[in-house]
file structure.pdb (PDB, C-alpha atoms, pLDDT in the B column)
MODEL        1
ATOM      1  CA  MET A   1      24.670 -22.337 -38.654  1.00 49.00           C
ATOM      2  CA  LYS A   2      22.679 -20.246 -36.205  1.00 52.00           C
ATOM      3  CA  GLN A   3      23.682 -22.510 -33.349  1.00 52.00           C
ATOM      4  CA  ASP A   4      27.342 -22.060 -34.248  1.00 52.00           C
ATOM      5  CA  LYS A   5      26.951 -18.268 -34.105  1.00 50.00           C
ATOM      6  CA  VAL A   6      25.294 -18.435 -30.708  1.00 47.00           C
ATOM      7  CA  VAL A   7      28.134 -20.507 -29.291  1.00 47.00           C
ATOM      8  CA  ARG A   8      30.717 -18.130 -30.723  1.00 50.00           C
ATOM      9  CA  SER A   9      28.798 -15.138 -29.377  1.00 50.00           C
ATOM     10  CA  SER A  10      28.550 -16.778 -25.988  1.00 53.00           C
ATOM     11  CA  ASN A  11      32.293 -17.477 -25.957  1.00 58.00           C
ATOM     12  CA  TRP A  12      33.024 -13.915 -27.028  1.00 52.00           C
ATOM     13  CA  PHE A  13      30.779 -12.565 -24.240  1.00 51.00           C
ATOM     14  CA  ARG A  14      32.457 -14.763 -21.642  1.00 55.00           C
ATOM     15  CA  SER A  15      35.960 -13.810 -22.760  1.00 55.00           C
ATOM     16  CA  ALA A  16      35.088 -10.108 -22.872  1.00 51.00           C
ATOM     17  CA  LEU A  17      33.826 -10.094 -19.285  1.00 51.00           C
ATOM     18  CA  LEU A  18      36.365 -12.324 -17.628  1.00 53.00           C
ATOM     19  CA  PRO A  19      40.145 -12.153 -17.929  1.00 54.00           C
ATOM     20  CA  VAL A  20      41.709 -15.177 -19.607  1.00 45.00           C
ATOM     21  CA  GLY A  21      42.505 -17.930 -17.124  1.00 51.00           C
ATOM     22  CA  MET A  22      40.665 -16.293 -14.226  1.00 56.00           C
ATOM     23  CA  ILE A  23      37.892 -18.874 -14.134  1.00 55.00           C
ATOM     24  CA  SER A  24      39.130 -22.225 -15.247  1.00 62.00           C
ATOM     25  CA  THR A  25      36.797 -24.812 -13.740  1.00 73.00           C
ATOM     26  CA  ARG A  26      33.061 -25.292 -13.949  1.00 73.00           C
ATOM     27  CA  LEU A  27      32.798 -24.938 -10.141  1.00 72.00           C
ATOM     28  CA  GLU A  28      34.545 -21.571 -10.242  1.00 71.00           C
ATOM     29  CA  ARG A  29      32.187 -20.354 -12.974  1.00 69.00           C
ATOM     30  CA  ARG A  30      29.151 -21.405 -10.949  1.00 72.00           C
ATOM     31  CA  LEU A  31      30.519 -19.787  -7.817  1.00 68.00           C
ATOM     32  CA  PHE A  32      31.118 -16.571  -9.758  1.00 69.00           C
ATOM     33  CA  ALA A  33      27.543 -16.662 -11.106  1.00 71.00           C
ATOM     34  CA  VAL A  34      26.122 -17.168  -7.603  1.00 69.00           C
ATOM     35  CA  LEU A  35      28.156 -14.240  -6.247  1.00 66.00           C
ATOM     36  CA  VAL A  36      26.917 -11.978  -9.034  1.00 66.00           C
ATOM     37  CA  CYS A  37      23.320 -13.057  -8.382  1.00 67.00           C
ATOM     38  CA  LEU A  38      23.711 -12.218  -4.693  1.00 66.00           C
ATOM     39  CA  ALA A  39      25.463  -8.906  -5.279  1.00 64.00           C
ATOM     40  CA  VAL A  40      22.853  -7.390  -7.604  1.00 62.00           C
ATOM     41  CA  PRO A  41      19.922  -7.475  -5.121  1.00 60.00           C
ATOM     42  CA  MET A  42      22.176  -6.190  -2.345  1.00 57.00           C
ATOM     43  CA  LEU A  43      23.162  -3.221  -4.482  1.00 53.00           C
ATOM     44  CA  MET A  44      19.519  -2.554  -5.307  1.00 52.00           C
ATOM     45  CA  LEU A  45      18.609  -2.561  -1.602  1.00 50.00           C
ATOM     46  CA  ALA A  46      21.492  -0.239  -0.791  1.00 47.00           C
ATOM     47  CA  VAL A  47      20.188   2.337  -3.241  1.00 50.00           C
ATOM     48  CA  ASP A  48      16.723   2.447  -1.559  1.00 51.00           C
ATOM     49  CA  ASN A  49      15.279   5.939  -1.815  1.00 53.00           C
ATOM     50  CA  PRO A  50      17.991   8.583  -2.216  1.00 56.00           C
ATOM     51  CA  ASP A  51      15.656  11.305  -0.908  1.00 59.00           C
ATOM     52  CA  SER A  52      14.782   9.409   2.286  1.00 65.00           C
ATOM     53  CA  THR A  53      16.308  10.352   5.620  1.00 75.00           C
ATOM     54  CA  ALA A  54      15.590   6.895   7.081  1.00 79.00           C
ATOM     55  CA  VAL A  55      18.494   5.326   8.938  1.00 83.00           C
ATOM     56  CA  GLY A  56      16.870   1.931   9.491  1.00 87.00           C
ATOM     57  CA  THR A  57      14.717   0.114  11.990  1.00 91.00           C
ATOM     58  CA  ARG A  58      15.736   0.724  15.579  1.00 94.00           C
ATOM     59  CA  THR A  59      14.473   0.343  19.119  1.00 96.00           C
ATOM     60  CA  VAL A  60      14.273   3.459  21.266  1.00 96.00           C
ATOM     61  CA  GLU A  61      13.750   3.554  25.030  1.00 97.00           C
ATOM     62  CA  GLY A  62      12.709   6.652  26.904  1.00 96.00           C
ATOM     63  CA  LEU A  63      10.075   8.761  28.616  1.00 95.00           C
ATOM     64  CA  VAL A  64       6.926   9.764  26.724  1.00 95.00           C
ATOM     65  CA  ARG A  65       6.408  13.450  27.375  1.00 94.00           C
ATOM     66  CA  ASP A  66       5.771  16.845  25.849  1.00 92.00           C
ATOM     67  CA  ILE A  67       8.758  17.987  23.804  1.00 90.00           C
ATOM     68  CA  ALA A  68       8.821  21.668  24.837  1.00 88.00           C
ATOM     69  CA  CYS A  69      10.057  21.286  28.421  1.00 84.00           C
ATOM     70  CA  PRO A  70      13.187  19.192  27.738  1.00 83.00           C
ATOM     71  CA  LEU A  71      14.107  21.476  24.845  1.00 83.00           C
ATOM     72  CA  GLN A  72      13.769  24.613  26.986  1.00 85.00           C
ATOM     73  CA  ASN A  73      14.944  23.293  30.368  1.00 81.00           C
ATOM     74  CA  LYS A  74      18.236  21.385  30.842  1.00 82.00           C
ATOM     75  CA  LYS A  75      17.019  20.051  34.205  1.00 83.00           C
ATOM     76  CA  SER A  76      14.171  18.193  32.500  1.00 82.00           C
ATOM     77  CA  THR A  77      15.526  14.719  31.743  1.00 84.00           C
ATOM     78  CA  ALA A  78      14.189  11.193  31.311  1.00 86.00           C
ATOM     79  CA  ALA A  79      14.977  10.582  35.004  1.00 87.00           C
ATOM     80  CA  SER A  80      13.961  13.956  36.497  1.00 86.00           C
ATOM     81  CA  TYR A  81      10.414  15.023  35.616  1.00 87.00           C
ATOM     82  CA  SER A  82       6.944  15.792  36.911  1.00 87.00           C
ATOM     83  CA  LYS A  83       4.292  13.399  35.612  1.00 90.00           C
ATOM     84  CA  GLU A  84       1.607  15.941  36.567  1.00 90.00           C
ATOM     85  CA  CYS A  85       3.273  18.646  34.477  1.00 89.00           C
ATOM     86  CA  ILE A  86       3.660  16.284  31.507  1.00 91.00           C
ATOM     87  CA  THR A  87      -0.021  15.324  31.694  1.00 91.00           C
ATOM     88  CA  MET A  88      -1.125  19.003  31.847  1.00 91.00           C
ATOM     89  CA  CYS A  89       1.020  19.862  28.817  1.00 89.00           C
ATOM     90  CA  GLU A  90      -0.356  16.896  26.846  1.00 91.00           C
ATOM     91  CA  LYS A  91      -3.956  17.876  27.675  1.00 91.00           C
ATOM     92  CA  ALA A  92      -3.195  21.431  26.516  1.00 92.00           C
ATOM     93  CA  GLY A  93      -2.125  20.046  23.136  1.00 90.00           C
ATOM     94  CA  SER A  94       1.675  20.058  23.413  1.00 91.00           C
ATOM     95  CA  PRO A  95       3.376  17.716  20.913  1.00 93.00           C
ATOM     96  CA  LEU A  96       4.626  14.455  22.410  1.00 95.00           C
ATOM     97  CA  GLY A  97       7.915  12.666  21.925  1.00 95.00           C
ATOM     98  CA  ILE A  98      10.167  10.041  23.463  1.00 96.00           C
ATOM     99  CA  LEU A  99      12.973  11.555  25.554  1.00 95.00           C
ATOM    100  CA  THR A 100      15.897   9.112  25.808  1.00 95.00           C
ATOM    101  CA  ASN A 101      18.452   8.931  28.613  1.00 93.00           C
ATOM    102  CA  ASP A 102      21.045  10.639  26.390  1.00 92.00           C
ATOM    103  CA  GLY A 103      18.700  13.619  25.877  1.00 90.00           C
ATOM    104  CA  SER A 104      17.596  12.836  22.328  1.00 92.00           C
ATOM    105  CA  VAL A 105      13.936  13.469  21.502  1.00 94.00           C
ATOM    106  CA  TYR A 106      12.184  11.165  19.015  1.00 95.00           C
ATOM    107  CA  VAL A 107       9.016  12.602  17.497  1.00 95.00           C
ATOM    108  CA  PRO A 108       6.442   9.998  16.395  1.00 95.00           C
ATOM    109  CA  ILE A 109       5.458  10.114  12.715  1.00 93.00           C
ATOM    110  CA  THR A 110       3.357   8.083  10.297  1.00 91.00           C
ATOM    111  CA  GLU A 111       3.098   7.752   6.532  1.00 85.00           C
ATOM    112  CA  SER A 112      -0.385   9.293   6.605  1.00 84.00           C
ATOM    113  CA  MET A 113      -1.066  12.976   6.054  1.00 83.00           C
ATOM    114  CA  PRO A 114      -2.068  14.675   8.205  1.00 82.00           C
ATOM    115  CA  ASP A 115       0.274  12.826  10.512  1.00 84.00           C
ATOM    116  CA  THR A 116      -1.279  10.761  13.318  1.00 87.00           C
ATOM    117  CA  GLY A 117       1.914   9.654  15.108  1.00 88.00           C
ATOM    118  CA  GLN A 118       0.902  11.393  18.348  1.00 90.00           C
ATOM    119  CA  ASN A 119      -1.895   8.863  18.827  1.00 91.00           C
ATOM    120  CA  ALA A 120       0.634   6.044  19.392  1.00 93.00           C
ATOM    121  CA  LEU A 121       2.119   7.865  22.401  1.00 95.00           C
ATOM    122  CA  LYS A 122      -1.020   9.182  24.134  1.00 94.00           C
ATOM    123  CA  PRO A 123      -1.694   6.009  26.191  1.00 95.00           C
ATOM    124  CA  PHE A 124       1.869   6.191  27.585  1.00 96.00           C
ATOM    125  CA  VAL A 125       2.135   9.861  28.671  1.00 94.00           C
ATOM    126  CA  GLY A 126       4.524  10.138  31.627  1.00 93.00           C
ATOM    127  CA  GLU A 127       5.671   6.515  31.294  1.00 95.00           C
ATOM    128  CA  HIS A 128       8.906   4.927  30.105  1.00 96.00           C
ATOM    129  CA  VAL A 129       8.495   2.915  26.901  1.00 97.00           C
ATOM    130  CA  GLN A 130      10.356   0.823  24.401  1.00 97.00           C
ATOM    131  CA  ALA A 131       9.373   1.697  20.832  1.00 97.00           C
ATOM    132  CA  THR A 132      10.552  -0.042  17.676  1.00 96.00           C
ATOM    133  CA  GLY A 133      10.188   1.333  14.170  1.00 95.00           C
ATOM    134  CA  LYS A 134      11.777   3.032  11.199  1.00 93.00           C
ATOM    135  CA  VAL A 135      13.950   5.915  12.434  1.00 94.00           C
ATOM    136  CA  PHE A 136      14.555   9.100  10.474  1.00 92.00           C
ATOM    137  CA  GLU A 137      17.279  11.667  11.170  1.00 91.00           C
ATOM    138  CA  ARG A 138      17.731  15.052   9.596  1.00 88.00           C
ATOM    139  CA  ASN A 139      19.812  18.030  10.750  1.00 87.00           C
ATOM    140  CA  GLY A 140      19.963  16.693  14.316  1.00 87.00           C
ATOM    141  CA  ALA A 141      16.222  15.968  14.574  1.00 91.00           C
ATOM    142  CA  HIS A 142      14.979  12.417  15.234  1.00 94.00           C
ATOM    143  CA  ALA A 143      11.656  10.819  14.289  1.00 94.00           C
ATOM    144  CA  ILE A 144      10.296   7.299  14.573  1.00 95.00           C
ATOM    145  CA  GLU A 145       7.532   5.557  12.656  1.00 94.00           C
ATOM    146  CA  ILE A 146       6.391   3.301  15.500  1.00 95.00           C
ATOM    147  CA  SER A 147       5.571  -0.310  14.601  1.00 95.00           C
ATOM    148  CA  ASP A 148       5.649  -1.676  18.179  1.00 96.00           C
ATOM    149  CA  ILE A 149       5.499   0.068  21.550  1.00 96.00           C
ATOM    150  CA  HIS A 150       5.107  -1.120  25.128  1.00 96.00           C
ATOM    151  CA  GLN A 151       5.581   0.281  28.605  1.00 96.00           C
ATOM    152  CA  LEU A 152       8.749  -0.661  30.461  1.00 95.00           C
ATOM    153  CA  PRO A 153       8.575  -2.003  34.012  1.00 91.00           C
ATOM    154  CA  GLU A 154       9.259   0.565  36.751  1.00 81.00           C
ATOM    155  CA  ASN A 155      12.686  -0.912  37.610  1.00 69.00           C
ATOM    156  CA  ALA A 156      13.850  -0.874  33.964  1.00 63.00           C
ATOM    157  CA  ALA A 157      12.840   2.747  33.340  1.00 58.00           C
ATOM    158  CA  GLY A 158      15.887   4.442  34.839  1.00 54.00           C
ATOM    159  CA  LYS A 159      18.627   2.397  33.097  1.00 49.00           C
TER     160      LYS A 159
ENDMDL
END

call {"tool": "encode", "arguments": {"input": "structure.pdb", "output": "structure tokens"}}
result
Amino acid sequence: MKQDKVVRSSNWFRSALLPVGMISTRLERRLFAVLVCLAVPMLMLAVDNPDSTAVGTRTVEGLVRDIACPLQNKKSTAASYSKECITMCEKAGSPLGILTNDGSVYVPITESMPDTGQNALKPFVGEHVQATGKVFERNGAHAIEISDIHQLPENAAGK
């Protein structure tokens, strides 16, 4: 008797969820089940953290330099700069960032507090780099949690 109830309950559940005649063959039912199984994890990944400003993993190319000069001086670009000036500013304690060819500045960050993202850029002061990591954007500001960074060859720096 219990088995009969389970079968009826199962049939009721199936008919309540799916319109009559929509899934007629066993193959179609299996395909539907596979699609549902794939959709659920994708939806869970899409939700992620609603409070996060992360926009995904990206690769950024640009000049490692102090962030004050390019913000205050329009003539200071990733192609027009003084390596000596950048080095003096870094030694004086100016925050570092990656200045891209389009003028965006990416500030290095880490998950640790206090933040130690500046340490990843110090070996590359005044050099063009390619950095990959999780990028965050908020109100026009850009930050990158660097997972990989390397210096670009001289001829690739001015692309």

call {"tool": "atom_distance", "arguments": {"input": "structure.pdb", "atom1": "atom CA of A:Arg138", "atom2": "atom CA of A:Tyr106"}}
result
11.6 Å

call {"tool": "residues_around", "arguments": {"input": "structure.pdb", "residues": "A:Thr87", "least_positions_apart": "3", "cutoff": "9 Å", "atoms": "all atoms listed in the file", "output": "PyMOL selection string"}}
result
chain A and resi 65-66+82-84+90-92+125-126

call {"tool": "atom_distance", "arguments": {"input": "structure.pdb", "atom1": "atom CA of A:Ala141", "atom2": "atom CA of A:Thr100"}}
result
13.2 Å

call {"tool": "resolve_selection", "arguments": {"input": "structure.pdb", "expression": "the PyMOL selection byres ((chain A and resi 61) around 9)", "output": "number ranges by chain"}}
result
A: 59-60, 62-63, 98-101, 128-132, 152, 157

call {"tool": "write_last_selection", "arguments": {"input": "structure.pdb", "atoms": "C-alpha atoms", "output": "PDB file, in the coordinates of the input"}}
result
ATOM      1  CA  THR A  59      14.473   0.343  19.119  1.00 96.00           C
ATOM      2  CA  VAL A  60      14.273   3.459  21.266  1.00 96.00           C
ATOM      3  CA  GLY A  62      12.709   6.652  26.904  1.00 96.00           C
ATOM      4  CA  LEU A  63      10.075   8.761  28.616  1.00 95.00           C
ATOM      5  CA  ILE A  98      10.167  10.041  23.463  1.00 96.00           C
ATOM      6  CA  LEU A  99      12.973  11.555  25.554  1.00 95.00           C
ATOM      7  CA  THR A 100      15.897   9.112  25.808  1.00 95.00           C
ATOM      8  CA  ASN A 101      18.452   8.931  28.613  1.00 93.00           C
ATOM      9  CA  HIS A 128       8.906   4.927  30.105  1.00 96.00           C
ATOM     10  CA  VAL A 129       8.495   2.915  26.901  1.00 97.00           C
ATOM     11  CA  GLN A 130      10.356   0.823  24.401  1.00 97.00           C
ATOM     12  CA  ALA A 131       9.373   1.697  20.832  1.00 97.00           C
ATOM     13  CA  THR A 132      10.552  -0.042  17.676  1.00 96.00           C
ATOM     14  CA  LEU A 152       8.749  -0.661  30.461  1.00 95.00           C
ATOM     15  CA  ALA A 157      12.840   2.747  33.340  1.00 58.00           C
TER      16      ALA A 157
END

call {"tool": "residues_near_point", "arguments": {"input": "structure.pdb", "point": "(14.9, 9.9, 12.3)", "cutoff": "12 Å", "atoms": "all atoms listed in the file", "output": "MDAnalysis selection string"}}
result
chainID A and resid 52:60 104:110 133:146
